[in-house]
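S.K.: Here it is, the structure in full.
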Amino acid sequence: MKWKVAEFPRNVIAGHDVLSSVKGMCDELKAGKTLTIISGDKTMKAAGKEVMSYLDGYDIDVCLIGDATLENAKLAEDQIKEFGSNMILAVGGGSKIDTAKVVSKDLDLPFISIPTSASHDGIASNRASLKVSTGSKSIESGSPMGIIADTAVIVKAPYRLLAAGCADVISNMTALRDWDFARRLKNDEFSGTAYTLSKYAAESVMNSADMIKPGLETSVWLAIKPIIVSGISMSIAGSSRPTSGAEHMISHMLDLKYPGRALHGEQCGVASILTMYLHGGDWKSIRDALRKIGAPITAKQLNVTDEEIIDAMIHAHEIRSDRFTILGATGISKEVAETVAKNTGVI
């Protein structure tokens, strides 16, 4: 007998000036009137204080944190348990939302995702990316019960973050190639629904690339739905497979060996040019969409040298030995990596 559990947001509100809907969403959860807002100094100013102004009748504690680490998640958990919160609001970028996901799962508390930027598809997923000594680690976590994506707030964040979020979703194109590859060669577990949603998200961003520009709230509107749908595809699949393949492994290897050079989504975008070439697919359409959006398409734009991107390609297979991709179990040679990078113009 087969069975499967898929947990994903029950309410998603996206658009202009929608922060005021937070009280109604909290009321619908019927979790209680005590909550903690997980945020940071900048994101509290960007949206957190406004969110609090709409929560009449709620007893609110504020937990200000930094990077998404297990240590910070533990500190947040201790503060939440001491305050006795019944739910969590994550107001911020990826690190704040990822921390809230971990805390939500550990404490079995519902949480609402309120992004102030959209730098990757973690807004809606049940996966959290934590910083560890070996780079970054993706773990299963809580899924948001609701999402409030205010385009008027997100458009005020640096455009680079939105471009990175779009690049992260575009990289689904090669993650899906790897997933189908593993399904055919290794009989990996596969979800047609998750596959379709992830592909829809990537194609939507690529089709809108001409209209995604800095300073335009319409650009956020065009990007936010695919970014959310991409995250939901992971919840349906029960893993990051629909959105993470060899391109993410290259990105994680860059984080490990050459940290802090570029954003996660930026690295995944460039890496997807490389891995689509390895798949024999239309890598030029990925490159062109990234260029139109204003995301990096070369190693230089990622602030890494030619030698460093080659090194990351050669060793990327070491990131996840359990995940079969176009890189194979033993990786690719230096000669192949150089050829791919040169032929695609990445170096």
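The chains in the structure tokens are called A, B, ... from first to last as shown; in each chain the residues are counted from 1, and the ligands are counted from 1 in the order shown.
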With DSSP run on the backbone, what are the helix (DSSP H, G or I) residues within segment 192-252 of chain A? I'd like them as a VMD selection string.
M.R.: chain A and resid 192 to 207 209 to 211 217 to 237 241 to 243 246 to 252
S.K.: For segment 279-286 of chain A, please output as a VMD selection string all residues within 9 Å (counting only C-alpha atoms; exclusion window: fewer than 5 positions along the same chain).
M.R.: chain A and resid 170 to 171 173 to 174 177 to 178 206 269 to 270 272 to 274 291 326 344
S.K.: Please identify all polymer residues within 10 Å of Ser219 of chain A, counting only C-alpha atoms, omitting same-chain residues fewer than 2 positions from it, and present them as a ChimeraX atom specification.
M.R.: /A:151,155,159,162-163,208-217,221-224,293
S.K.: What would the file look like if the residues just selected were written as a tab-separated table (two decimals), in the first residue's frame with N, CA and C atoms?
M.R.:
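The file below, selection-v2.tsv, is the result:
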chain	number	residue	atom	x	y	z
A	151	THR	N	4.46	42.92	-2.59
A	151	THR	CA	5.34	43.39	-3.67
A	151	THR	C	5.87	44.79	-3.42
A	155	VAL	N	9.98	45.09	-3.57
A	155	VAL	CA	10.59	45.93	-4.60
A	155	VAL	C	11.61	46.91	-4.02
A	159	TYR	N	17.76	45.09	-6.07
A	159	TYR	CA	17.29	44.32	-7.22
A	159	TYR	C	18.11	43.05	-7.40
A	162	LEU	N	16.32	39.97	-6.14
A	162	LEU	CA	15.25	39.45	-6.98
A	162	LEU	C	15.82	38.74	-8.21
A	163	ALA	N	16.86	39.32	-8.81
A	163	ALA	CA	17.50	38.68	-9.97
A	163	ALA	C	18.06	37.32	-9.58
A	208	SER	N	9.14	35.66	-18.97
A	208	SER	CA	8.93	37.05	-18.51
A	208	SER	C	10.23	37.82	-18.40
A	209	ALA	N	11.33	37.22	-18.82
A	209	ALA	CA	12.66	37.82	-18.60
A	209	ALA	C	12.77	39.24	-19.14
A	210	ASP	N	12.15	39.52	-20.26
A	210	ASP	CA	12.22	40.87	-20.85
A	210	ASP	C	11.58	41.93	-19.97
A	211	MET	N	10.64	41.50	-19.11
A	211	MET	CA	9.86	42.45	-18.32
A	211	MET	C	10.31	42.56	-16.87
A	212	ILE	N	11.32	41.78	-16.49
A	212	ILE	CA	11.82	41.82	-15.11
A	212	ILE	C	13.02	42.77	-15.05
A	213	LYS	N	12.77	43.95	-14.47
A	213	LYS	CA	13.75	45.02	-14.46
A	213	LYS	C	13.86	45.63	-13.06
A	214	PRO	N	14.95	46.36	-12.80
A	214	PRO	CA	15.11	47.01	-11.49
A	214	PRO	C	14.07	48.10	-11.26
A	215	GLY	N	13.62	48.21	-10.00
A	215	GLY	CA	12.77	49.32	-9.60
A	215	GLY	C	11.32	49.22	-10.02
A	216	LEU	N	10.91	48.13	-10.61
A	216	LEU	CA	9.52	47.98	-11.07
A	216	LEU	C	8.78	46.97	-10.20
A	217	GLU	N	7.73	47.41	-9.55
A	217	GLU	CA	6.95	46.48	-8.72
A	217	GLU	C	6.31	45.40	-9.57
A	221	TRP	N	5.94	41.23	-9.11
A	221	TRP	CA	4.69	40.49	-9.31
A	221	TRP	C	4.88	39.33	-10.29
A	222	LEU	N	5.63	39.56	-11.37
A	222	LEU	CA	5.88	38.51	-12.36
A	222	LEU	C	6.76	37.39	-11.80
A	223	ALA	N	7.66	37.75	-10.88
A	223	ALA	CA	8.62	36.77	-10.37
A	223	ALA	C	8.12	36.01	-9.15
A	224	ILE	N	7.31	36.65	-8.32
A	224	ILE	CA	7.00	36.06	-7.01
A	224	ILE	C	6.17	34.79	-7.10
A	293	ILE	N	17.54	39.42	-17.39
A	293	ILE	CA	17.13	39.75	-16.02
A	293	ILE	C	18.21	40.56	-15.31
S.K.: From a DSSP calculation on the backbone, collect every residue of segment 74-322 of chain A in strand (DSSP E or B) and output the set as an NGL selection string.
M.R.: :A and (87-92 or 111-115 or 127-132 or 135-140 or 146-150)
S.K.: If you count only C-alpha atoms, which residues fall within 6 Å of segment 67-78 of chain A, apart from same-chain ones fewer than 6 positions away, as JSON, numbers by chain?
M.R.: {"A": [95, 99, 103, 130, 131]}
S.K.: Those same residues - N, CA and C atoms - I'd like them written as a tab-separated table (two decimals), in the first residue's frame.
M.R.:
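Listing of again.tsv after writing:
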chain	number	residue	atom	x	y	z
A	95	SER	N	17.52	33.89	5.22
A	95	SER	CA	18.07	33.37	6.47
A	95	SER	C	17.04	33.37	7.60
A	99	THR	N	15.51	29.91	9.19
A	99	THR	CA	15.59	29.68	10.64
A	99	THR	C	14.21	29.36	11.20
A	103	VAL	N	12.89	26.01	13.34
A	103	VAL	CA	12.24	26.17	14.65
A	103	VAL	C	10.82	25.62	14.61
A	130	LEU	N	21.09	25.77	5.85
A	130	LEU	CA	21.80	26.27	7.02
A	130	LEU	C	23.29	26.36	6.74
A	131	LYS	N	23.92	27.39	7.30
A	131	LYS	CA	25.36	27.52	7.18
A	131	LYS	C	26.04	26.60	8.18
